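Trainee: Structure provided below as structure tokens; questions to follow.
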Amino acid sequence: MHKYDVVICGAGPAGLLTGISLLRNKRDARVLTIESREEVGEEKCGEGLGKDWLYKHLEDLGSFLLSKLSKKCFENEIYGFVLVMPSGKKIKVRTKETQGWILNKDLFLKNLARIFEKLGGEIKTGTSVEKPLVEKGRVKSVETSDGERFEADCFIDATGLSQNIWRKALNIKEPLDKRDIEVCCQYKIVDSQIEEPDLIQIYFGNEIAPGGYGWVFPKSYDRANVGLGCQASRVNNPFPYQEKFWRMLKLKGKIVSVKGGAVSTFNLPEKFVWSNLACVGSSARFTNPVHGGGTGQALFGGYILGKHIAEALREDLPIEEALANYQQEIKRRRGRDHEYHYRTKNLLQTCNDKELEIILSSLHTDEWLNAMSLTKGDVLRILARISKRSVKLSLKIMRYLGLKKI
């Protein structure tokens with residue numbers, strides 16, 4: 001039996017940032033991260049990261065990470081996007097300042113792991129957590145696939161969409177709701193010719209990706225991530241849609257990698273903390289329901305969680321109190337926005353292509369730049385434009401977003 005202060009299950013961005021944040025605030029804490037892969041590395045994702053997550057939301061930890069991360073982690077700076085509507089009409093939004101990056105996610109995670117270990121954390125790879133052992137209303141230990149057992153005062157589920165630890169500890173049997181999952185497929189391409197490689201490309205349309213969208217995320221002028229995500233309740237296998245999308249794009253280039261996976265588009269749950277167990281990142285459903293982006297949200301959740309656990313260890317406070325404070329802070333700072341994004345996602349997934357076209361073409365450039373943080377007043381002004389083209393659609397939007405009047 002091995003004893004730690006904290007055991008983190010999963011070495012993605014959420015798990016690693018939880019450990020880094022904790023150890024930055026409590027250097028002598030005993031922290032173990034368990035990772036099922038043979039080494040920490042690349043995840044199945046588009047690799048996008050908005051600038052504000054590191055420069056703003058992580059506060060002092062953001063500047064610390066930027067000073068430690070290799071510049072090679074940030075493969076390409078992004079200055080805007082091109083939205084392609086179902087009709088093929090394009091909306092281009094370009095800014096003077098960097099909006100974010102396309103990461104080298106493999107190197108990014110390896111760098112985070114190195115930072116975590118230099119701060120004193122331990123990583124055990126090549127083994128998965130098979131089961132949590134619950135005694136007297138709390139997790140006492142976890143058992144791994146190689147037969148080892150690890151005891152701790154606090155456990156973190158950073159296993160992603162599957163919630164492997166959380167669901168077993170609470171004996172949850174119900175299957176996940178496919179309406180709140182996107183099934184995705186992505187090609188990595190090289191030797192291509194990417195037009196305007198400082199802009200990401202987003203493709204809408206139910207023929208392209210039912211209940212989702214397609215993307216081209218440039219990593220340079222000749223390399224990109226090309227993929228799409230579809231609502232899992234409507235599409236079981238996204239690969240045929242991906243092949244059709246690839247042919248439609250007519251991009252030159254060689255496909256060097258094909259990967260698939262599933263992404264959370266759930267609303268923020270009522271509880272993602274139980275006793276001495278906490279979920280973080282995609283396991284806690286922090287992923288943005290509209291676009292499926294989760295790296296920034298995972299980093300932010302890990303930052304907040306690690307900070308509260310460190311405080312409890314320093315002040316000898318009950319770990320249950322620290323985890324409850326973490327849940328409360330996340331809900332206070334992100335809950336309202338997440339609810340709005342979840343409602344927006346549900347709205348868009350019910351729209352036919354004509355309705356999507358009306359909505360997308362009704363936003364002005366400045367509104368697209370702030371699309372993830374529109375105020376109620378902004379939405380009402382957009383609705384007024386939409387109502388001139390379709391009163392029925394404007395009423396539908398009001399119903400989904402919980403608005404009462406224009």
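Each chain in the structure tokens gets a letter, A, B, ..., in the order shown, and its residues are numbered from 1; ligands are numbered from 1 in order too.
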If you run DSSP on the backbone here, which positions in range 159-406 of chain A get strand (DSSP E)? Please write them as a ChimeraX atom specification.

Mentor: /A:181-190,199-203,213-218,224-231,254-264,273-274,277-279

Trainee: Quick one: everything within 9 Å of range 294-307 of chain A, counting only C-alpha atoms, minus sequence neighbours fewer than 2 positions away in the same chain. Send it as number ranges by chain.

Mentor: A: 12-26, 45, 47-54, 57-58, 61, 263-264, 278, 280-282, 284, 286-288, 291-292, 309-312, 322-323, 325-327, 329-330

Trainee: Write the residues of the selection above to a file with N, CA and C atoms, as a CSV table (one decimal), in the first residue's frame.

Mentor:
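part.csv, freshly written:
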```
chain,number,residue,atom,x,y,z
A,12,GLY,N,-4.0,14.2,-18.3
A,12,GLY,CA,-4.3,15.2,-19.4
A,12,GLY,C,-4.1,16.6,-18.8
A,13,PRO,N,-4.6,17.7,-19.5
A,13,PRO,CA,-4.3,19.0,-19.0
A,13,PRO,C,-5.0,19.3,-17.6
A,14,ALA,N,-6.2,18.7,-17.4
A,14,ALA,CA,-6.9,19.0,-16.1
A,14,ALA,C,-6.1,18.3,-15.0
A,15,GLY,N,-5.7,17.1,-15.1
A,15,GLY,CA,-5.0,16.4,-14.1
A,15,GLY,C,-3.7,17.0,-13.8
A,16,LEU,N,-2.9,17.3,-14.8
A,16,LEU,CA,-1.6,17.9,-14.6
A,16,LEU,C,-1.6,19.3,-14.0
A,17,LEU,N,-2.6,20.1,-14.4
A,17,LEU,CA,-2.7,21.4,-13.9
A,17,LEU,C,-3.2,21.4,-12.4
A,18,THR,N,-4.0,20.4,-12.1
A,18,THR,CA,-4.4,20.3,-10.7
A,18,THR,C,-3.1,20.0,-9.8
A,19,GLY,N,-2.3,19.1,-10.3
A,19,GLY,CA,-1.1,18.8,-9.6
A,19,GLY,C,-0.1,20.0,-9.5
A,20,ILE,N,0.1,20.7,-10.6
A,20,ILE,CA,1.0,21.9,-10.7
A,20,ILE,C,0.5,23.0,-9.7
A,21,SER,N,-0.8,23.3,-9.8
A,21,SER,CA,-1.4,24.3,-9.0
A,21,SER,C,-1.3,24.0,-7.5
A,22,LEU,N,-1.5,22.7,-7.2
A,22,LEU,CA,-1.4,22.3,-5.8
A,22,LEU,C,0.0,22.4,-5.3
A,23,LEU,N,1.0,21.9,-6.0
A,23,LEU,CA,2.4,21.9,-5.6
A,23,LEU,C,3.0,23.3,-5.6
A,24,ARG,N,2.5,24.2,-6.4
A,24,ARG,CA,2.9,25.6,-6.4
A,24,ARG,C,2.5,26.3,-5.1
A,25,ASN,N,1.4,25.8,-4.5
A,25,ASN,CA,0.9,26.4,-3.3
A,25,ASN,C,1.2,25.6,-2.0
A,26,LYS,N,1.7,24.3,-2.2
A,26,LYS,CA,2.1,23.5,-1.1
A,26,LYS,C,3.2,22.5,-1.6
A,45,CYS,N,-7.7,15.6,-30.1
A,45,CYS,CA,-8.4,16.9,-30.1
A,45,CYS,C,-7.9,17.8,-31.2
A,47,GLU,N,-6.6,20.7,-30.8
A,47,GLU,CA,-5.4,21.4,-30.3
A,47,GLU,C,-5.4,22.9,-30.3
A,48,GLY,N,-6.6,23.4,-30.3
A,48,GLY,CA,-6.8,24.9,-30.1
A,48,GLY,C,-6.8,25.3,-28.7
A,49,LEU,N,-6.2,26.5,-28.4
A,49,LEU,CA,-6.2,27.1,-27.1
A,49,LEU,C,-6.3,28.6,-27.2
A,50,GLY,N,-7.4,29.2,-26.6
A,50,GLY,CA,-7.5,30.6,-26.6
A,50,GLY,C,-6.5,31.3,-25.7
A,51,LYS,N,-6.1,32.5,-26.1
A,51,LYS,CA,-5.0,33.2,-25.4
A,51,LYS,C,-5.4,33.6,-24.0
A,52,ASP,N,-6.7,33.9,-23.8
A,52,ASP,CA,-7.1,34.4,-22.4
A,52,ASP,C,-6.9,33.4,-21.4
A,53,TRP,N,-7.0,32.1,-21.7
A,53,TRP,CA,-6.9,31.1,-20.7
A,53,TRP,C,-5.5,31.2,-20.0
A,54,LEU,N,-4.4,31.4,-20.7
A,54,LEU,CA,-3.1,31.5,-20.1
A,54,LEU,C,-2.8,32.9,-19.6
A,57,HIS,N,-7.2,34.0,-17.3
A,57,HIS,CA,-8.0,33.2,-16.4
A,57,HIS,C,-7.2,32.5,-15.3
A,58,LEU,N,-5.9,32.1,-15.7
A,58,LEU,CA,-5.1,31.4,-14.8
A,58,LEU,C,-4.3,32.3,-13.8
A,61,LEU,N,-0.6,31.9,-12.2
A,61,LEU,CA,-0.1,30.6,-12.7
A,61,LEU,C,0.1,30.6,-14.2
A,263,VAL,N,-16.5,13.8,-27.4
A,263,VAL,CA,-16.3,15.0,-26.7
A,263,VAL,C,-17.6,15.3,-25.9
A,264,SER,N,-17.4,15.8,-24.7
A,264,SER,CA,-18.6,16.2,-23.8
A,264,SER,C,-19.2,17.6,-24.3
A,278,ALA,N,-13.2,14.5,-6.3
A,278,ALA,CA,-13.6,15.6,-7.2
A,278,ALA,C,-13.3,15.2,-8.6
A,280,VAL,N,-12.6,16.9,-12.5
A,280,VAL,CA,-12.1,18.1,-13.1
A,280,VAL,C,-12.0,17.9,-14.6
A,281,GLY,N,-12.0,19.0,-15.3
A,281,GLY,CA,-11.9,18.9,-16.8
A,281,GLY,C,-13.1,18.3,-17.4
A,282,SER,N,-12.9,17.5,-18.4
A,282,SER,CA,-14.0,16.9,-19.1
A,282,SER,C,-14.8,16.0,-18.2
A,284,ALA,N,-15.6,16.6,-15.3
A,284,ALA,CA,-16.6,17.4,-14.6
A,284,ALA,C,-17.5,18.2,-15.5
A,286,PHE,N,-16.6,20.3,-18.0
A,286,PHE,CA,-16.2,21.7,-18.2
A,286,PHE,C,-16.1,22.1,-19.6
A,287,THR,N,-16.0,21.2,-20.5
A,287,THR,CA,-15.9,21.4,-22.0
A,287,THR,C,-17.0,22.3,-22.5
A,288,ASN,N,-16.6,23.3,-23.3
A,288,ASN,CA,-17.6,24.3,-23.8
A,288,ASN,C,-18.6,23.5,-24.7
A,291,HIS,N,-18.7,24.7,-28.9
A,291,HIS,CA,-17.7,24.3,-29.8
A,291,HIS,C,-16.8,23.1,-29.4
A,292,GLY,N,-17.1,22.6,-28.2
A,292,GLY,CA,-16.4,21.4,-27.8
A,292,GLY,C,-14.9,21.6,-27.3
A,309,ILE,N,-7.2,22.6,-2.7
A,309,ILE,CA,-6.6,21.5,-2.0
A,309,ILE,C,-5.4,21.9,-1.2
A,310,ALA,N,-4.6,22.7,-1.8
A,310,ALA,CA,-3.4,23.2,-1.2
A,310,ALA,C,-3.7,24.0,0.1
A,311,GLU,N,-4.7,24.8,0.0
A,311,GLU,CA,-5.1,25.6,1.2
A,311,GLU,C,-5.6,24.6,2.4
A,312,ALA,N,-6.3,23.6,2.0
A,312,ALA,CA,-6.7,22.6,3.0
A,312,ALA,C,-5.6,21.9,3.7
A,322,ALA,N,-12.6,21.8,1.3
A,322,ALA,CA,-11.9,22.3,0.2
A,322,ALA,C,-12.5,22.0,-1.2
A,323,LEU,N,-13.0,20.7,-1.3
A,323,LEU,CA,-13.6,20.3,-2.6
A,323,LEU,C,-14.9,21.0,-2.8
A,325,ASN,N,-15.6,24.0,-1.7
A,325,ASN,CA,-15.3,25.4,-2.1
A,325,ASN,C,-14.9,25.5,-3.5
A,326,TYR,N,-14.2,24.5,-4.0
A,326,TYR,CA,-13.8,24.4,-5.4
A,326,TYR,C,-15.0,24.3,-6.3
A,327,GLN,N,-16.0,23.5,-5.9
A,327,GLN,CA,-17.2,23.4,-6.7
A,327,GLN,C,-18.0,24.7,-6.7
A,329,GLU,N,-16.7,27.7,-6.3
A,329,GLU,CA,-16.1,28.8,-7.1
A,329,GLU,C,-16.2,28.5,-8.6
A,330,ILE,N,-16.1,27.3,-9.0
A,330,ILE,CA,-16.3,27.0,-10.4
A,330,ILE,C,-17.7,27.4,-10.9
```

Trainee: Report as a PyMOL selection string all protein, DNA and RNA residues lying within 6 Å of range 140-152 of chain A, evaluated on only C-alpha atoms, omitting residues in the same chain fewer than 5 positions from it.

Mentor: chain A and resi 1-6+127-134

Trainee: Which residues are near Pro210 in chain A? Cut-off 10 Å, only C-alpha atoms, ignore same chain within fewer than 5 positions. Put them as a PyMOL selection string.

Mentor: chain A and resi 182+204-205+228-235+238+241+349-350+352

Trainee: Select, from A:Pro240, A:Pro197, A:Gly137, A:Gly46, the residue with the minimum atom-to-atom distance to Phe81 in chain A, counting only C-alpha atoms.

Mentor: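 Using only C-alpha atoms, the shortest distance to Phe81 in chain A belongs to A:Pro197.
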
Trainee: I'd like the neighbourhood of Glu38 in chain A as a list in words, where a residue qualifies if any of its atoms comes within 8 Å (using only C-alpha atoms), though same-chain residues fewer than 2 positions away should be ignored.

Mentor: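 Residues near the query, excluding close chain neighbours: Glu35, Ser36, Val40, Thr125, Gly126 and Thr127 of chain A.
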